[in-house]
>>> print(open('start-v2.pdb').read())   # PDB, C-alpha atoms
ATOM      1  CA  MET A   1      93.804  78.046  95.662
ATOM      2  CA  ARG A   2      91.895  74.830  96.337
ATOM      3  CA  PRO A   3      93.515  71.378  96.073
ATOM      4  CA  ASP A   4      91.942  70.946  92.620
ATOM      5  CA  GLY A   5      93.789  74.042  91.401
ATOM      6  CA  ARG A   6      90.743  76.297  91.112
ATOM      7  CA  TYR A   7      90.320  79.646  92.858
ATOM      8  CA  ARG A   8      87.732  79.945  95.564
ATOM      9  CA  ILE A   9      85.215  82.749  95.128
ATOM     10  CA  GLY A  10      83.611  83.369  98.506
ATOM     11  CA  CYS A  11      84.971  86.399 100.368
ATOM     12  CA  GLY A  12      85.481  84.428 103.562
ATOM     13  CA  ASP A  13      87.458  81.770 101.715
ATOM     14  CA  LEU A  14      90.076  84.024 100.147
ATOM     15  CA  THR A  15      93.271  83.977 102.171
ATOM     16  CA  ALA A  16      95.423  87.087 102.086
ATOM     17  CA  SER A  17      99.131  87.776 102.152
ATOM     18  CA  VAL A  18     100.087  91.371 102.922
ATOM     19  CA  ALA A  19     103.509  92.317 101.573
ATOM     20  CA  ILE A  20     105.390  95.242 103.095
ATOM     21  CA  CYS A  21     108.663  96.005 101.303
ATOM     22  CA  ALA A  22     111.410  97.945 103.084
ATOM     23  CA  TYR A  23     114.886  99.064 102.120
ATOM     24  CA  THR A  24     116.210 101.508 104.740
ATOM     25  CA  MET A  25     116.744 101.704 108.498
ATOM     26  CA  GLY A  26     115.624 105.314 108.232
ATOM     27  CA  ARG A  27     112.002 104.151 108.091
ATOM     28  CA  TRP A  28     112.206 101.616 110.901
ATOM     29  CA  ASP A  29     109.535 103.217 113.086
ATOM     30  CA  ASN A  30     107.274 103.551 110.043
ATOM     31  CA  LEU A  31     107.797  99.889 109.171
ATOM     32  CA  VAL A  32     106.839  98.794 112.680
ATOM     33  CA  ALA A  33     103.700 100.947 112.480
ATOM     34  CA  ALA A  34     102.795  99.513 109.076
ATOM     35  CA  VAL A  35     103.091  95.916 110.269
ATOM     36  CA  SER A  36     101.199  96.708 113.475
ATOM     37  CA  SER A  37      98.310  98.205 111.518
ATOM     38  CA  VAL A  38      97.832  95.036 109.471
ATOM     39  CA  VAL A  39      98.337  92.205 111.967
ATOM     40  CA  PRO A  40      95.009  92.782 113.810
ATOM     41  CA  GLN A  41      93.194  92.511 110.465
ATOM     42  CA  LEU A  42      94.477  89.022 109.644
ATOM     43  CA  HIS A  43      92.151  86.015 109.484
ATOM     44  CA  ASP A  44      93.125  82.383 109.855
ATOM     45  CA  GLY A  45      95.368  81.504 106.941
ATOM     46  CA  ASP A  46      96.451  85.120 106.351
ATOM     47  CA  GLU A  47      99.987  86.398 106.748
ATOM     48  CA  VAL A  48     102.219  89.446 106.633
ATOM     49  CA  VAL A  49     105.379  89.083 104.559
ATOM     50  CA  VAL A  50     108.029  91.721 105.236
ATOM     51  CA  VAL A  51     110.464  91.877 102.320
ATOM     52  CA  ILE A  52     113.861  93.461 102.957
ATOM     53  CA  ASP A  53     115.513  94.918  99.878
ATOM     54  CA  HIS A  54     119.250  94.116 100.054
ATOM     55  CA  ASN A  55     119.968  95.593 103.492
ATOM     56  CA  ASP A  56     121.584  93.136 105.907
ATOM     57  CA  GLU A  57     121.266  95.381 108.966
ATOM     58  CA  LEU A  58     117.575  95.927 108.335
ATOM     59  CA  LEU A  59     117.066  92.236 107.649
ATOM     60  CA  SER A  60     118.619  91.221 110.969
ATOM     61  CA  ARG A  61     116.552  93.708 112.935
ATOM     62  CA  ALA A  62     113.350  92.742 111.155
ATOM     63  CA  GLU A  63     113.938  89.031 111.763
ATOM     64  CA  ALA A  64     114.476  89.723 115.467
ATOM     65  CA  THR A  65     111.382  91.935 115.737
ATOM     66  CA  PHE A  66     108.643  90.459 113.562
ATOM     67  CA  THR A  67     108.307  87.037 115.143
ATOM     68  CA  GLY A  68     104.537  86.613 115.251
ATOM     69  CA  ALA A  69     102.880  83.402 114.113
ATOM     70  CA  GLN A  70     101.422  85.122 111.039
ATOM     71  CA  THR A  71     104.435  87.291 110.212
ATOM     72  CA  ARG A  72     107.455  86.314 108.136
ATOM     73  CA  VAL A  73     110.563  88.182 107.015
ATOM     74  CA  VAL A  74     112.225  87.371 103.689
ATOM     75  CA  SER A  75     114.968  88.901 101.566
ATOM     76  CA  ASN A  76     114.514  90.338  98.115
ATOM     77  CA  ALA A  77     115.912  87.517  95.983
ATOM     78  CA  GLY A  78     115.733  89.576  92.804
ATOM     79  CA  PRO A  79     117.234  92.828  91.549
ATOM     80  CA  ALA A  80     117.359  95.715  94.009
ATOM     81  CA  GLY A  81     114.300  97.895  93.890
ATOM     82  CA  LEU A  82     110.597  97.841  94.660
ATOM     83  CA  SER A  83     109.643  95.660  91.693
ATOM     84  CA  GLY A  84     112.184  93.008  92.667
ATOM     85  CA  ALA A  85     111.017  93.114  96.286
ATOM     86  CA  ARG A  86     107.368  92.787  95.303
ATOM     87  CA  ASN A  87     108.178  89.867  93.024
ATOM     88  CA  SER A  88     109.994  88.205  95.922
ATOM     89  CA  ALA A  89     106.846  88.669  98.002
ATOM     90  CA  ILE A  90     104.783  86.968  95.309
ATOM     91  CA  LEU A  91     107.119  83.984  95.351
ATOM     92  CA  ALA A  92     107.339  83.766  99.141
ATOM     93  CA  SER A  93     103.646  84.270  99.951
ATOM     94  CA  ARG A  94     100.797  81.782 100.215
ATOM     95  CA  GLY A  95      97.634  83.892 100.056
ATOM     96  CA  GLU A  96      95.051  83.753  97.295
ATOM     97  CA  ILE A  97      95.110  87.521  97.295
ATOM     98  CA  LEU A  98      98.272  89.599  97.636
ATOM     99  CA  ALA A  99      98.000  93.013  99.210
ATOM    100  CA  PHE A 100     100.825  95.544  99.117
ATOM    101  CA  LEU A 101     101.290  98.266 101.724
ATOM    102  CA  ASP A 102     104.093 100.818 101.668
ATOM    103  CA  ASP A 103     106.498 100.663 104.600
ATOM    104  CA  ASP A 104     105.628 104.268 105.510
ATOM    105  CA  ALA A 105     101.847 103.792 105.440
ATOM    106  CA  VAL A 106      99.350 102.742 108.116
ATOM    107  CA  ALA A 107      96.179 100.908 107.097
ATOM    108  CA  ASP A 108      92.813 101.681 108.654
ATOM    109  CA  ALA A 109      90.959  98.874 110.393
ATOM    110  CA  ARG A 110      88.741  98.032 107.392
ATOM    111  CA  TRP A 111      91.484  98.048 104.766
ATOM    112  CA  LEU A 112      92.180  94.344 104.250
ATOM    113  CA  ASP A 113      88.596  93.089 104.567
ATOM    114  CA  ARG A 114      87.247  95.717 102.169
ATOM    115  CA  MET A 115      89.764  94.701  99.540
ATOM    116  CA  ARG A 116      89.093  91.034 100.249
ATOM    117  CA  ALA A 117      85.375  91.614  99.697
ATOM    118  CA  ALA A 118      85.954  93.441  96.404
ATOM    119  CA  LEU A 119      88.252  90.685  95.148
ATOM    120  CA  ALA A 120      85.609  88.058  95.887
ATOM    121  CA  ASP A 121      84.168  89.047  92.503
ATOM    122  CA  PRO A 122      86.111  86.803  90.101
ATOM    123  CA  ASP A 123      86.233  89.565  87.467
ATOM    124  CA  VAL A 124      87.970  91.961  89.869
ATOM    125  CA  MET A 125      91.684  91.278  89.503
ATOM    126  CA  ALA A 126      93.031  94.287  91.426
ATOM    127  CA  VAL A 127      91.807  96.726  94.037
ATOM    128  CA  GLY A 128      93.293 100.024  95.152
ATOM    129  CA  THR A 129      92.402 102.187  98.116
ATOM    130  CA  ALA A 130      93.000 105.810  98.951
ATOM    131  CA  ALA A 131      96.334 106.964 100.366
ATOM    132  CA  ILE A 132      95.856 110.044 102.533
ATOM    133  CA  PRO A 133      98.883 112.265 103.224
ATOM    134  CA  GLU A 134     100.009 112.601 106.814
ATOM    135  CA  TRP A 135     101.745 115.982 106.731
ATOM    136  CA  PRO A 136     104.681 116.679 109.075
ATOM    137  CA  ASP A 137     102.800 119.380 110.991
ATOM    138  CA  GLY A 138      99.300 118.101 110.276
ATOM    139  CA  ARG A 139      98.539 120.719 107.614
ATOM    140  CA  ARG A 140      98.869 120.806 103.849
ATOM    141  CA  PRO A 141     101.547 123.315 102.766
ATOM    142  CA  SER A 142      99.906 126.393 101.288
ATOM    143  CA  TRP A 143     101.770 126.014  97.994
ATOM    144  CA  PHE A 144     101.054 122.312  97.392
ATOM    145  CA  PRO A 145      98.101 121.688  95.006
ATOM    146  CA  PRO A 146      96.069 118.542  95.821
ATOM    147  CA  GLU A 147      96.131 117.576  92.134
ATOM    148  CA  PHE A 148      99.842 116.819  92.611
ATOM    149  CA  ASP A 149      99.554 114.591  95.673
ATOM    150  CA  TRP A 150     100.840 111.771  93.451
ATOM    151  CA  VAL A 151     104.235 113.445  93.946
ATOM    152  CA  ILE A 152     104.163 112.196  97.546
ATOM    153  CA  GLY A 153     102.658 108.817  96.679
ATOM    154  CA  CYS A 154      99.111 109.692  97.702
ATOM    155  CA  SER A 155      95.669 109.874  96.141
ATOM    156  CA  TYR A 156      95.257 113.108  94.236
ATOM    157  CA  ALA A 157      92.382 115.388  93.289
ATOM    158  CA  GLY A 158      90.911 114.075  90.065
ATOM    159  CA  LEU A 159      90.542 110.446  91.109
ATOM    160  CA  PRO A 160      86.982 109.064  91.450
ATOM    161  CA  LEU A 161      85.114 110.084  94.588
ATOM    162  CA  VAL A 162      83.035 106.893  94.627
ATOM    163  CA  ALA A 163      83.994 103.281  93.950
ATOM    164  CA  ALA A 164      84.849 102.920  90.274
ATOM    165  CA  ASP A 165      86.865 100.882  87.826
ATOM    166  CA  VAL A 166      90.173 102.526  86.882
ATOM    167  CA  ARG A 167      93.172 101.858  84.659
ATOM    168  CA  ASN A 168      95.574 101.230  87.527
ATOM    169  CA  VAL A 169      95.813 101.191  91.296
ATOM    170  CA  ILE A 170      98.065 103.314  93.518
ATOM    171  CA  GLY A 171     101.104 101.393  94.702
ATOM    172  CA  ALA A 172     100.992 102.502  98.336
ATOM    173  CA  ALA A 173      97.864 100.459  99.089
ATOM    174  CA  MET A 174      96.645  97.812  96.662
ATOM    175  CA  ALA A 175      95.784  94.135  96.295
ATOM    176  CA  PHE A 176      95.629  91.567  93.483
ATOM    177  CA  ARG A 177      94.183  88.122  93.060
ATOM    178  CA  ARG A 178      97.083  85.688  92.738
ATOM    179  CA  GLU A 179      95.550  84.657  89.450
ATOM    180  CA  ALA A 180      96.646  88.039  88.058
ATOM    181  CA  PHE A 181     100.299  87.118  88.511
ATOM    182  CA  ASP A 182      99.689  83.660  87.077
ATOM    183  CA  ILE A 183      98.364  85.396  83.954
ATOM    184  CA  VAL A 184     100.948  88.136  83.361
ATOM    185  CA  GLY A 185     103.855  87.419  85.680
ATOM    186  CA  GLY A 186     105.306  89.927  88.108
ATOM    187  CA  PHE A 187     106.229  93.590  88.287
ATOM    188  CA  SER A 188     108.590  94.818  85.594
ATOM    189  CA  THR A 189     112.061  95.810  86.762
ATOM    190  CA  LEU A 190     112.349  98.088  83.705
ATOM    191  CA  VAL A 191     110.211 100.667  85.494
ATOM    192  CA  GLY A 192     109.730 101.483  89.123
ATOM    193  CA  ARG A 193     111.500 102.725  92.207
ATOM    194  CA  ILE A 194     114.962 101.723  93.340
ATOM    195  CA  GLY A 195     115.791 103.021  96.802
ATOM    196  CA  SER A 196     114.960 106.709  97.033
ATOM    197  CA  THR A 197     115.074 107.458  93.299
ATOM    198  CA  PRO A 198     111.887 109.375  92.410
ATOM    199  CA  THR A 199     110.619 107.050  89.684
ATOM    200  CA  GLY A 200     107.695 104.657  89.798
ATOM    201  CA  CYS A 201     104.677 103.424  87.792
ATOM    202  CA  GLU A 202     105.490  99.707  88.034
ATOM    203  CA  GLU A 203     101.921  98.995  89.195
ATOM    204  CA  THR A 204     100.549 101.013  86.262
ATOM    205  CA  GLU A 205     102.505  98.937  83.762
ATOM    206  CA  LEU A 206     101.390  95.701  85.396
ATOM    207  CA  CYS A 207      97.717  96.731  85.376
ATOM    208  CA  ILE A 208      97.921  97.600  81.672
ATOM    209  CA  ARG A 209      99.462  94.215  80.899
ATOM    210  CA  LEU A 210      96.768  92.526  82.960
ATOM    211  CA  ARG A 211      93.916  94.228  81.120
ATOM    212  CA  ARG A 212      95.491  93.342  77.781
ATOM    213  CA  ALA A 213      95.912  89.689  78.705
ATOM    214  CA  LYS A 214      92.450  89.451  80.284
ATOM    215  CA  PRO A 215      90.121  92.092  78.766
ATOM    216  CA  THR A 216      87.317  91.209  81.198
ATOM    217  CA  ALA A 217      89.519  91.963  84.192
ATOM    218  CA  ARG A 218      88.312  94.797  86.407
ATOM    219  CA  ILE A 219      90.628  97.063  88.386
ATOM    220  CA  THR A 220      88.688  98.869  91.096
ATOM    221  CA  TYR A 221      89.407 101.933  93.212
ATOM    222  CA  LEU A 222      87.783 102.241  96.653
ATOM    223  CA  PRO A 223      88.109 105.881  97.770
ATOM    224  CA  ASP A 224      86.252 105.332 101.054
ATOM    225  CA  VAL A 225      88.951 102.944 102.308
ATOM    226  CA  ALA A 226      92.275 104.496 103.137
ATOM    227  CA  VAL A 227      95.767 104.244 104.464
ATOM    228  CA  SER A 228      97.629 107.100 106.095
ATOM    229  CA  HIS A 229     100.825 107.772 104.139
ATOM    230  CA  THR A 230     103.675 109.549 105.913
ATOM    231  CA  VAL A 231     105.020 112.659 104.204
ATOM    232  CA  THR A 232     108.506 113.599 105.350
ATOM    233  CA  ALA A 233     109.833 117.146 105.408
ATOM    234  CA  GLU A 234     112.236 116.205 102.603
ATOM    235  CA  ARG A 235     109.318 115.539 100.286
ATOM    236  CA  LEU A 236     108.006 119.047 100.817
ATOM    237  CA  ARG A 237     111.045 120.667  99.249
ATOM    238  CA  LEU A 238     110.729 122.253  95.848
ATOM    239  CA  THR A 239     113.687 120.201  94.619
ATOM    240  CA  TYR A 240     111.931 116.937  95.511
ATOM    241  CA  PHE A 241     108.697 118.104  93.859
ATOM    242  CA  LEU A 242     110.524 118.823  90.609
ATOM    243  CA  LYS A 243     112.654 115.646  90.753
ATOM    244  CA  ARG A 244     109.530 113.594  91.304
ATOM    245  CA  CYS A 245     107.894 115.258  88.283
ATOM    246  CA  VAL A 246     110.974 114.411  86.210
ATOM    247  CA  GLY A 247     110.816 110.834  87.463
ATOM    248  CA  GLU A 248     107.132 110.577  86.617
ATOM    249  CA  GLY A 249     107.685 111.861  83.107
ATOM    250  CA  LEU A 250     110.541 109.436  82.495
ATOM    251  CA  SER A 251     108.552 106.550  83.973
ATOM    252  CA  LYS A 252     105.556 107.304  81.763
ATOM    253  CA  ALA A 253     107.877 107.430  78.745
ATOM    254  CA  ARG A 254     109.221 103.978  79.586
ATOM    255  CA  ILE A 255     105.712 102.605  80.007
ATOM    256  CA  SER A 256     104.636 104.135  76.706
ATOM    257  CA  ARG A 257     107.591 102.507  74.974
ATOM    258  CA  LEU A 258     106.672  99.157  76.537
ATOM    259  CA  VAL A 259     102.885  99.155  76.062
ATOM    260  CA  GLY A 260     102.223 102.038  73.667
ATOM    261  CA  ALA A 261     101.114 105.599  74.350
ATOM    262  CA  GLY A 262      97.439 104.717  73.940
ATOM    263  CA  ASP A 263      97.279 102.680  77.142
ATOM    264  CA  GLY A 264     100.300 104.297  78.739
ATOM    265  CA  LEU A 265      98.737 107.767  78.747
ATOM    266  CA  ALA A 266      95.002 106.973  78.797
ATOM    267  CA  SER A 267      94.401 108.374  82.298
ATOM    268  CA  GLU A 268      96.938 111.173  81.925
ATOM    269  CA  ARG A 269      95.114 112.694  78.954
ATOM    270  CA  ALA A 270      91.982 113.306  81.025
ATOM    271  CA  TYR A 271      94.109 114.566  83.904
ATOM    272  CA  VAL A 272      95.950 117.097  81.721
ATOM    273  CA  SER A 273      92.948 118.175  79.646
ATOM    274  CA  ALA A 274      90.362 118.458  82.426
ATOM    275  CA  THR A 275      91.679 118.100  85.984
ATOM    276  CA  LEU A 276      94.661 120.458  85.726
ATOM    277  CA  PRO A 277      92.866 123.270  83.819
ATOM    278  CA  ARG A 278      90.106 123.285  86.444
ATOM    279  CA  ALA A 279      92.686 123.394  89.204
ATOM    280  CA  LEU A 280      94.588 126.230  87.555
ATOM    281  CA  LEU A 281      91.428 128.304  87.065
ATOM    282  CA  ARG A 282      90.465 127.703  90.691
ATOM    283  CA  GLU A 283      93.812 128.847  92.037
ATOM    284  CA  LEU A 284      94.104 131.797  89.676
ATOM    285  CA  GLY A 285      90.693 132.924  90.866
ATOM    286  CA  ARG A 286      91.946 132.823  94.439
ATOM    287  CA  ALA A 287      95.076 134.708  93.433
ATOM    288  CA  VAL A 288      92.987 137.461  91.801
ATOM    289  CA  ARG A 289      91.091 137.812  95.082
ATOM    290  CA  GLY A 290      94.403 138.408  96.856
ATOM    291  CA  ASP A 291      95.087 134.890  98.115
ATOM    292  CA  LEU A 292      98.852 134.380  97.847
ATOM    293  CA  ALA A 293      98.426 130.634  98.363
ATOM    294  CA  GLY A 294      96.356 130.554  95.185
ATOM    295  CA  LEU A 295      99.201 132.221  93.305
ATOM    296  CA  ALA A 296     101.737 129.751  94.704
ATOM    297  CA  LYS A 297      99.610 126.756  93.780
ATOM    298  CA  SER A 298      99.050 128.164  90.289
ATOM    299  CA  ILE A 299     102.804 128.394  89.787
ATOM    300  CA  MET A 300     103.299 124.829  91.012
ATOM    301  CA  ILE A 301     100.567 123.476  88.728
ATOM    302  CA  VAL A 302     102.202 125.086  85.702
ATOM    303  CA  ALA A 303     105.729 124.107  86.753
ATOM    304  CA  GLY A 304     104.794 120.529  87.581
ATOM    305  CA  THR A 305     102.951 120.075  84.306
ATOM    306  CA  LEU A 306     105.773 121.524  82.214
ATOM    307  CA  VAL A 307     108.540 119.573  83.961
ATOM    308  CA  THR A 308     106.643 116.284  83.768
ATOM    309  CA  GLY A 309     105.800 116.847  80.108
ATOM    310  CA  LEU A 310     109.342 117.765  79.147
ATOM    311  CA  ALA A 311     110.736 114.740  80.998
ATOM    312  CA  TYR A 312     108.254 112.531  79.170
ATOM    313  CA  LEU A 313     109.343 113.924  75.815
ATOM    314  CA  ALA A 314     113.011 113.460  76.717
ATOM    315  CA  GLY A 315     112.314 109.871  77.703
ATOM    316  CA  ARG A 316     110.485 109.161  74.481
ATOM    317  CA  LEU A 317     113.328 110.610  72.414
ATOM    318  CA  ASP A 318     116.005 108.637  74.260
ATOM    319  CA  ARG A 319     116.926 105.774  71.933
ATOM    320  CA  ARG A 320     120.099 104.724  73.715
ATOM    321  CA  SER A 321     118.467 101.564  75.021
ATOM    322  CA  THR A 322     115.762  99.232  73.827
ATOM    323  CA  LEU A 323     113.204  98.203  76.396
ATOM    324  CA  THR A 324     111.882  94.659  76.214
ATOM    325  CA  GLN A 325     109.756  92.801  78.691
ATOM    326  CA  THR A 326     111.811  89.914  80.012
ATOM    327  CA  GLY A 327     111.990  88.011  83.268
ATOM    328  CA  LEU A 328     108.419  88.791  84.287
ATOM    329  CA  ARG A 329     107.207  85.253  84.875
ATOM    330  CA  VAL A 330     106.718  84.598  88.584
ATOM    331  CA  SER A 331     106.055  80.997  89.515
ATOM    332  CA  LYS A 332     106.790  78.646  92.360
TER     333      LYS A 332
END
>>> encode(input="start-v2.pdb", output="structure tokens")
Amino acid sequence: MRPDGRYRIGCGDLTASVAICAYTMGRWDNLVAAVSSVVPQLHDGDEVVVVIDHNDELLSRAEATFTGAQTRVVSNAGPAGLSGARNSAILASRGEILAFLDDDAVADARWLDRMRAALADPDVMAVGTAAIPEWPDGRRPSWFPPEFDWVIGCSYAGLPLVAADVRNVIGAAMAFRREAFDIVGGFSTLVGRIGSTPTGCEETELCIRLRRAKPTARITYLPDVAVSHTVTAERLRLTYFLKRCVGEGLSKARISRLVGAGDGLASERAYVSATLPRALLRELGRAVRGDLAGLAKSIMIVAGTLVTGLAYLAGRLDRRSTLTQTGLRVSK
């Protein structure tokens, strides 16, 4: 922001803060790799803000390790969880754009500048990039359909293949103009991930609020820019797949109760009515030709769809608590 309070438009003028939120020592090597992938991309005035989510041991180690001139370590000053940590990053950062990178992701060399260039358009309030799975053994499991890569926090089959405006960005690799947070506040702590619980969608809810508050706002997806997102062996277990589907269904139910099913399920309707039927027909065709992997993927498509849908319905029917948007204003 300029001294007169107005936002600068030129790409080269926009300073960037990259927030990397971490909560566990178990991802220490991943966190170091994430920070290392971003630091070479920084321009003058840019910074990396590492936010530690209520873990004193991790905080001490991060403060001792990330000591570069453009790197800072701060604590999550809000409620435990990813939304609280991201809101702490908003408060602690200085950049005119705020980029968010998962602590188990590595950005390619063009990542920050490509998002910076897209956000130079004053109508573009948010930008997302692709998140490509880095499988434990380098190969996709034969039973794992690419349409369900959202289970592991990655871009999934069905997203645009060329740059396009979308409803929401993917949380693993995204950026916002600071103006977006001035308009709608921060990430809601009523949805989203806390520790390893398999819920999410906090960035979806924020993007919906942003578009409602500023109808001319554009949210853009850049599929040709990517981060590599680590997939652990734990996330390739059937139990995790199903738990993540349950978490997604419950998260979508919460969003629908907050913003209405019209916006809350706008993208999901096309996904369920077009993307998944095509995927199922594709895999069933392979199964008929004797491909056992096609049969396995068909089963997972059906199971994942049913579990997510049932969890959504259960969440919508749960009236034990009333969700209201409070405490979202983020200001310095």
>>> resolve_selection(input="start-v2.pdb", expression="the PyMOL selection byres ((chain A and resi 267-277) around 9)", output="MDAnalysis selection string")
chainID A and resid 147 157:158 166:168 263:266 278:282 301:302 305
>>> resolve_selection(input="start-v2.pdb", expression="the PyMOL selection byres ((chain A and resi 109) around 8)", output="JSON, numbers by chain")
{"A": [37, 38, 41, 107, 108, 110, 111, 112]}
>>> write_last_selection(input="start-v2.pdb", atoms="C-alpha atoms", output="tab-separated table (two decimals), keeping the file's coordinate frame")
chain	number	residue	atom	x	y	z
A	37	SER	CA	98.31	98.20	111.52
A	38	VAL	CA	97.83	95.04	109.47
A	41	GLN	CA	93.19	92.51	110.46
A	107	ALA	CA	96.18	100.91	107.10
A	108	ASP	CA	92.81	101.68	108.65
A	110	ARG	CA	88.74	98.03	107.39
A	111	TRP	CA	91.48	98.05	104.77
A	112	LEU	CA	92.18	94.34	104.25
>>> resolve_selection(input="start-v2.pdb", expression="the PyMOL selection byres ((chain A and resi 225-231) around 10)", output="PyMOL selection string")
chain A and resi 30+34+37+101-112+114-115+128-138+152-155+163+172-173+221-224+232-236
>>> atom_distance(input="start-v2.pdb", atom1="CA of Ala303 (chain A)", atom2="CA of Leu317 (chain A)")
21.1 Å
>>> residues_around(input="start-v2.pdb", residues="Val73 (chain A)", least_positions_apart="2", cutoff="10 Å", atoms="all atoms listed in the file", output="ChimeraX atom specification")
/A:19-21,48-52,59-60,62-67,71,75-76,89,92
>>> residues_around(input="start-v2.pdb", residues="Asn87 (chain A)", least_positions_apart="2", cutoff="9 Å", atoms="all atoms listed in the file", output="number ranges by chain")
A: 76-78, 82-85, 89-92, 185-188, 328, 330
>>> atom_distance(input="start-v2.pdb", atom1="CA of Ala287 (chain A)", atom2="CA of Phe144 (chain A)")
14.3 Å
>>> closest_residue(input="start-v2.pdb", among="A:Thr204, A:Thr239, A:Thr220, A:Ser36", to="Asp123 (chain A)", atoms="all atoms listed in the file")
A:Thr220
>>> residues_near_point(input="start-v2.pdb", point="(102.8, 88.9, 85.0)", cutoff="12 Å", atoms="all atoms listed in the file", output="ChimeraX atom specification")
/A:83,86-87,90,176-189,202-203,205-214,325-331
>>> atom_distance(input="start-v2.pdb", atom1="CA of Val259 (chain A)", atom2="CA of Arg316 (chain A)")
12.7 Å
>>> closest_residue(input="start-v2.pdb", among="A:Leu190, A:Ala164, A:Gly304, A:Gly45", to="Tyr240 (chain A)", atoms="all atoms listed in the file")
A:Gly304
>>> closest_residue(input="start-v2.pdb", among="A:Leu42, A:Leu258, A:Leu161, A:Leu306", to="Leu14 (chain A)", atoms="all atoms listed in the file")
A:Leu42
>>> residues_around(input="start-v2.pdb", residues="Arg244 (chain A)", least_positions_apart="6", cutoff="12 Å", atoms="only C-alpha atoms", output="JSON, numbers by chain")
{"A": [148, 149, 150, 151, 152, 153, 193, 196, 197, 198, 199, 200, 201, 234, 235, 236, 237, 238, 250, 251, 304, 305, 307, 308, 311]}
>>> closest_residue(input="start-v2.pdb", among="A:Pro141, A:Leu242, A:Gly171, A:Ala16", to="Gly294 (chain A)", atoms="all atoms listed in the file")
A:Pro141
>>> closest_residue(input="start-v2.pdb", among="A:Asn55, A:Ala117, A:Glu47, A:Gly26", to="Asp13 (chain A)", atoms="only C-alpha atoms")
A:Ala117
>>> residues_around(input="start-v2.pdb", residues="Ala293 (chain A)", least_positions_apart="6", cutoff="8 Å", atoms="all atoms listed in the file", output="ChimeraX atom specification")
/A:142-143,286-287
